[in-house]
Structures are given as structure tokens and as C-alpha cells.
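Colleague: Dumping the structure here so I can ask a few things about it.
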Amino acid sequence: MSTINVAIDGPAGAGKSTIAKMAAAKKEFIYVDTGAMFRAIALHCSRLNIKAKDKENIIKASKKASVEIKYIDGEQKVILNGEDVNAFIRTEEISQMTSTISAYPEVREILLGLQRDIAAKNNVIMDGRDIGSNVLPNADVKIYLTASVETRAMRRYKEQIEKGYDVSLENIKEDIEKRDYQDMHRECAPLTIADGAYVLDSSDMSIEEVVEEIISRIDGIK
């Protein structure tokens with residue numbers, strides 16, 4: 001039997017990672033957080049003091065970085081040059097840098113092969129910005145997960161506060177709006193609703209309701 005591939009796309013702060021992770025666990029699929037892979041590249045470049053706009057050196061550094069996905073006790077670990085960097089890739093600084101460098105075709109190409117290889121060998125739920133339109137255009141289920149800017153900003157604010165970061169709700173809202181614009185208007189693989197994708201607005205839905213909606217669509221595959 002061929003593998004089942006589920007693509008979940010959507011804007012920053014829509015809850016894609018949380019939703020995809022929970023749905024994957026319930027279906028016993030492998031969850032692939034492509035955004036985390038790009039975040040690892042951003043962290044690598046940041047540690048080398050390379051600015052996001054320095055495309056030439058970003059590409060050079062990306063080629064030398066080793067990014068792997070490993071599963072330890074059922075949890076996805078992003079391994080950068082042999083180091084588990086899950087704890088360092090979710091800051092606002094890295095988020096902004098990720099949005100910029102992920103628009104570079106050369107950086108996307110570096111990670112594309114790994115992402116497709118994982119999907120070819122496993123039942124996966126993969127989330128990102130262009131999974132259904134570019135990475136897995138033949139995915140069995142395509143979801144475009146979104147929510148209002150206000151809802152997404154509040155979710156991100158609570159998440160950062162719980163982690164002990166001193167953040168401003170208004171700044172987070174501005175960052176999300178800025179990132180939405182960047183993601184939707186970049187030349188390479190912009191954020192878009194893929195052909196055949198089901199648009200799911202989670203603004204007034206609980207996490208559990210969203211997960212169940214996605215699982216029902218997976219179970220409905222003929």
C-alpha cells in the first residue's frame with residue numbers, strides 16, 4: 001500500500017505545528033515540521049552573525065549546515081550539526097530571519113529533497129507554507145489552516161509569556177502582519193491556497209475540534 005501524505009499550509013501563528021503534531025500522533029503518522037527545518041538554518045546563520053539579507057553568505061552557510069529530523073520518545077527533534085536545537089528556534093528573532101531566508105530558492109532546494117524523501121517512505125503529516133502547492137503537490141489531503149490576525153497574535157503572545165519571554169502583544173501582531181505579507185508576496189513558493197485544499201478557519205474552534213476535522217478528512221480518503 002502506498003503512503004498517505006497530508007499537507008497543512010497556512011500563515012504564521014495559525015497553529016499548524018500543534019495541530020499537525022496532535023493529528024499525526026492520533027493517526028500514528030510521522031509529523032514533519034518543515035518550518036522547524038528552516039528555523040534551524042536561520043539559527044545556524046544567526047550564530048555565524050550572518051544577516052538575513054546577506055543572501056550569498058546565507059546560501060553558502062546553508063550548504064554546510066547539517067539538518068536532520070529525529071524522533072526520540074515520539075517527539076520530533078530538529079538536529080543542527082549534531083545538536084538538538086528545539087529550544088532555540090522559536091524566538092521572534094529567529095522567526096523573522098526564517099521568513100526572509102526561506103524565500104531564497106537555493107535554501108528551499110537544500111531542504112526539499114529531505115522533505116520529499118521522508119514523505120515517500122512514510123505516512124506523514126507535513127506542515128509549512130507551500131507543502132500542498134510545491135513540496136507535496138500530490139498529497140492525499142490538503143488543508144489550508146488559518147485564523148484571524150488577532151487570534152494568532154494572542155496565541156503567540158501566550159506561548160511566549162509561558163516560556164518566560166518579555167514580549168509585547170502589539171509587536172507580535174505587527175510581526176505577524178509583516179510576515180504574512182512577506183510569505184504571500186515572495187517570488188519563490190509564496191504562501192497560497194493549494195489546488196484542492198480545504199480552507200479551515202480555526203479562529204472560533206478549539207484545538208481538539210480542528211484535529212478531529214483533519215482526521216475525518218484523512219479517514220475519508222478512498
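Chain identifiers are assigned as A, B, and so on, following the order in which chains appear in the C-alpha cells; residues are numbered from 1 within each chain, and ligands are numbered from 1 in order of appearance.
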Taking the DSSP secondary structure from the backbone, can you list the residues of region 50-175 of chain A that are strand (DSSP E or B), as a ChimeraX atom specification?

Modeller: /A:67-72,75-80,83-84,124-128,141-146

Colleague: How would the residues just chosen look if you wrote them out with N, CA and C atoms as an mmCIF file, in the first residue's frame?

Modeller:
data_model
loop_
_atom_site.group_PDB
_atom_site.id
_atom_site.type_symbol
_atom_site.label_atom_id
_atom_site.label_comp_id
_atom_site.auth_asym_id
_atom_site.auth_seq_id
_atom_site.Cartn_x
_atom_site.Cartn_y
_atom_site.Cartn_z
ATOM 1 N N VAL A 67 21.143 19.419 8.786
ATOM 2 C CA VAL A 67 19.834 19.466 9.439
ATOM 3 C C VAL A 67 19.173 18.103 9.309
ATOM 4 N N GLU A 68 18.811 17.518 10.450
ATOM 5 C CA GLU A 68 18.172 16.205 10.460
ATOM 6 C C GLU A 68 16.900 16.250 11.303
ATOM 7 N N ILE A 69 15.997 15.331 11.010
ATOM 8 C CA ILE A 69 14.807 15.140 11.825
ATOM 9 C C ILE A 69 14.937 13.786 12.509
ATOM 10 N N LYS A 70 14.875 13.785 13.831
ATOM 11 C CA LYS A 70 14.944 12.525 14.574
ATOM 12 C C LYS A 70 13.759 12.453 15.523
ATOM 13 N N TYR A 71 13.328 11.256 15.827
ATOM 14 C CA TYR A 71 12.215 11.054 16.741
ATOM 15 C C TYR A 71 12.701 10.330 17.976
ATOM 16 N N ILE A 72 12.599 11.015 19.109
ATOM 17 C CA ILE A 72 13.048 10.466 20.381
ATOM 18 C C ILE A 72 11.847 10.440 21.325
ATOM 19 N N GLU A 75 8.815 12.224 20.051
ATOM 20 C CA GLU A 75 8.877 13.671 19.827
ATOM 21 C C GLU A 75 9.879 13.993 18.730
ATOM 22 N N GLN A 76 9.457 14.894 17.835
ATOM 23 C CA GLN A 76 10.357 15.310 16.768
ATOM 24 C C GLN A 76 11.461 16.197 17.329
ATOM 25 N N LYS A 77 12.685 15.868 16.985
ATOM 26 C CA LYS A 77 13.829 16.678 17.366
ATOM 27 C C LYS A 77 14.496 17.196 16.107
ATOM 28 N N VAL A 78 14.765 18.481 16.083
ATOM 29 C CA VAL A 78 15.483 19.063 14.966
ATOM 30 C C VAL A 78 16.956 19.121 15.360
ATOM 31 N N ILE A 79 17.758 18.418 14.595
ATOM 32 C CA ILE A 79 19.183 18.304 14.917
ATOM 33 C C ILE A 79 19.988 19.161 13.954
ATOM 34 N N LEU A 80 20.652 20.167 14.485
ATOM 35 C CA LEU A 80 21.501 21.064 13.693
ATOM 36 C C LEU A 80 22.958 20.778 14.030
ATOM 37 N N GLU A 83 23.382 18.866 17.126
ATOM 38 C CA GLU A 83 22.813 19.420 18.369
ATOM 39 C C GLU A 83 21.294 19.527 18.285
ATOM 40 N N ASP A 84 20.613 19.108 19.325
ATOM 41 C CA ASP A 84 19.167 19.284 19.419
ATOM 42 C C ASP A 84 18.901 20.769 19.668
ATOM 43 N N VAL A 124 2.803 10.582 6.415
ATOM 44 C CA VAL A 124 3.231 11.812 7.081
ATOM 45 C C VAL A 124 2.137 12.871 7.097
ATOM 46 N N ILE A 125 2.229 13.726 8.104
ATOM 47 C CA ILE A 125 1.508 14.996 8.108
ATOM 48 C C ILE A 125 2.602 16.047 8.131
ATOM 49 N N MET A 126 2.649 16.847 7.084
ATOM 50 C CA MET A 126 3.723 17.830 6.929
ATOM 51 C C MET A 126 3.122 19.222 6.895
ATOM 52 N N ASP A 127 3.679 20.131 7.666
ATOM 53 C CA ASP A 127 3.138 21.489 7.659
ATOM 54 C C ASP A 127 4.194 22.494 7.251
ATOM 55 N N GLY A 128 3.713 23.608 6.694
ATOM 56 C CA GLY A 128 4.621 24.652 6.244
ATOM 57 C C GLY A 128 3.859 25.758 5.546
ATOM 58 N N VAL A 141 -4.409 14.597 1.200
ATOM 59 C CA VAL A 141 -5.259 15.582 1.872
ATOM 60 C C VAL A 141 -4.489 16.895 1.954
ATOM 61 N N LYS A 142 -5.143 17.979 1.557
ATOM 62 C CA LYS A 142 -4.526 19.306 1.643
ATOM 63 C C LYS A 142 -5.421 20.211 2.493
ATOM 64 N N ILE A 143 -4.821 20.811 3.503
ATOM 65 C CA ILE A 143 -5.541 21.712 4.404
ATOM 66 C C ILE A 143 -4.858 23.078 4.398
ATOM 67 N N TYR A 144 -5.644 24.138 4.279
ATOM 68 C CA TYR A 144 -5.121 25.487 4.469
ATOM 69 C C TYR A 144 -5.681 25.981 5.794
ATOM 70 N N LEU A 145 -4.844 25.965 6.824
ATOM 71 C CA LEU A 145 -5.272 26.313 8.175
ATOM 72 C C LEU A 145 -4.979 27.780 8.459
ATOM 73 N N THR A 146 -6.016 28.512 8.823
ATOM 74 C CA THR A 146 -5.835 29.940 9.059
ATOM 75 C C THR A 146 -6.611 30.381 10.293
#

Colleague: I'd like the contact shell of Ser168 (chain A) - 9 Å cut-off, only C-alpha atoms, skipping same-chain residues fewer than 4 positions apart - returned as an MDAnalysis selection string.

Modeller: chainID A and resid 157 172:173

Colleague: Generate a file of the selected residues that holds N, CA, C and O atoms, formatted as an mmCIF file, in the first residue's frame.

Modeller:
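Generated file (selection34.cif):
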data_model
loop_
_atom_site.group_PDB
_atom_site.id
_atom_site.type_symbol
_atom_site.label_atom_id
_atom_site.label_comp_id
_atom_site.auth_asym_id
_atom_site.auth_seq_id
_atom_site.Cartn_x
_atom_site.Cartn_y
_atom_site.Cartn_z
ATOM 1 N N TYR A 157 1.436 35.294 21.715
ATOM 2 C CA TYR A 157 1.753 36.069 22.925
ATOM 3 C C TYR A 157 1.728 35.168 24.159
ATOM 4 O O TYR A 157 2.668 35.155 24.962
ATOM 5 N N ILE A 172 3.931 41.638 18.476
ATOM 6 C CA ILE A 172 3.707 40.324 17.872
ATOM 7 C C ILE A 172 2.694 40.432 16.736
ATOM 8 O O ILE A 172 2.876 39.830 15.673
ATOM 9 N N LYS A 173 1.649 41.214 16.951
ATOM 10 C CA LYS A 173 0.634 41.410 15.908
ATOM 11 C C LYS A 173 1.269 42.041 14.669
ATOM 12 O O LYS A 173 1.023 41.608 13.533
#

Colleague: Got a sec: who's within 10 Å of region 43-52 of chain A, counting only C-alpha atoms, leaving out chain neighbours fewer than 4 positions off, as a VMD selection string?

Modeller: chain A and resid 37 to 39 56 to 62 64 to 67 80 to 81 85 88 to 91 93 to 102

Colleague: Can you tell me, as a list of chain:residue names, what residues are no more than 12 Å from Lys121 (chain A) when counting only C-alpha atoms, ignoring any on the same chain fewer than 6 positions away?

Modeller: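 Close residues of Lys121 (chain A): A:Met1, A:Ser2, A:Thr3, A:Ile4, A:Asn5, A:Phe29, A:Ile30, A:Leu114, A:Gln115.
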
Colleague: Using only C-alpha atoms, which protein or nucleic acid residues come within 10 Å of Thr18 (chain A)? Drop anything in the same chain fewer than 6 positions from it, and give the result as a list in words.

Modeller: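 Final neighbour list, sorted by chain and number: Asp33, Asp127, Ile207 and Val211 of chain A.
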
Colleague: Keeping only N, CA and C atoms, take the residues you just selected and write them out as a compact mmCIF listing (two decimals), in the first residue's frame.

Modeller:
# COMPACT_ATOMS: atom_id res chain seq x y z
N ASP A 33 7.73 18.87 10.62
CA ASP A 33 7.62 20.32 10.77
C ASP A 33 8.69 20.96 9.88
N ASP A 127 3.68 20.13 7.67
CA ASP A 127 3.14 21.49 7.66
C ASP A 127 4.19 22.49 7.25
N ILE A 207 -8.62 23.46 19.71
CA ILE A 207 -7.59 22.64 19.08
C ILE A 207 -8.15 21.25 18.75
N VAL A 211 -8.33 19.30 15.10
CA VAL A 211 -7.68 17.99 14.92
C VAL A 211 -8.68 16.97 14.40

Colleague: One decimal, in Å: what's the spacing between CA of Lys27 (chain A) and CA of Ile118 (chain A)?

Modeller: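 Interatomic distance here is 16.7 Å.
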
Colleague: Neighbouring residues of Ala12 (chain A) were defined as those with any atom within 9 Å, considering only C-alpha atoms; residues of the same chain fewer than 4 positions away were excluded. Please report them as a list in words.

Modeller: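 Once the nearby chain positions are removed, what remains is Lys16, Arg129, Thr146, Arg152, Ile176, Glu177, Arg179, Asp180 and Asp183 of chain A.
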
Colleague: Ranking A:Met154, A:Ala103, A:Ile214, A:Ala197 by minimum distance to Gln182 (chain A) and counting only C-alpha atoms, which one comes first?

Modeller: A:Ala103

Colleague: Give me the residues within 10 Å of Leu112 (chain A) as a PyMOL selection string, counting only C-alpha atoms and dropping any in the same chain fewer than 6 places off.

Modeller: chain A and resi 34+106+134-136

Colleague: For CA of Ala189 (chain A) and CA of Lys63 (chain A), quote the distance in Å rounded to one decimal.

Modeller: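 One can read the CA of Ala189 (chain A) to CA of Lys63 (chain A) distance as 19.6 Å.
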
Colleague: Measuring between only C-alpha atoms, which one of A:Val6, A:Cys188, A:Ala36, A:Ala20 shows the shortest distance to Glu212 (chain A)?

Modeller: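 Answer, going by the shortest atom-to-atom distance: A:Ala20.
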
Colleague: Restricting the calculation to only C-alpha atoms: of A:Ile161, A:Ser133, A:Asp9, A:Thr151, which residue gets closest to Met205 (chain A)?

Modeller: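 Looking only at the distances to Met205 (chain A), the closest residue turns out to be A:Thr151.
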
Colleague: Taking only C-alpha atoms into account, which of A:Arg186, A:Val210, A:Arg217, A:Ala24 comes nearest Asn123 (chain A)?

Modeller: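 Looking only at the distances to Asn123 (chain A), the closest residue turns out to be A:Ala24.
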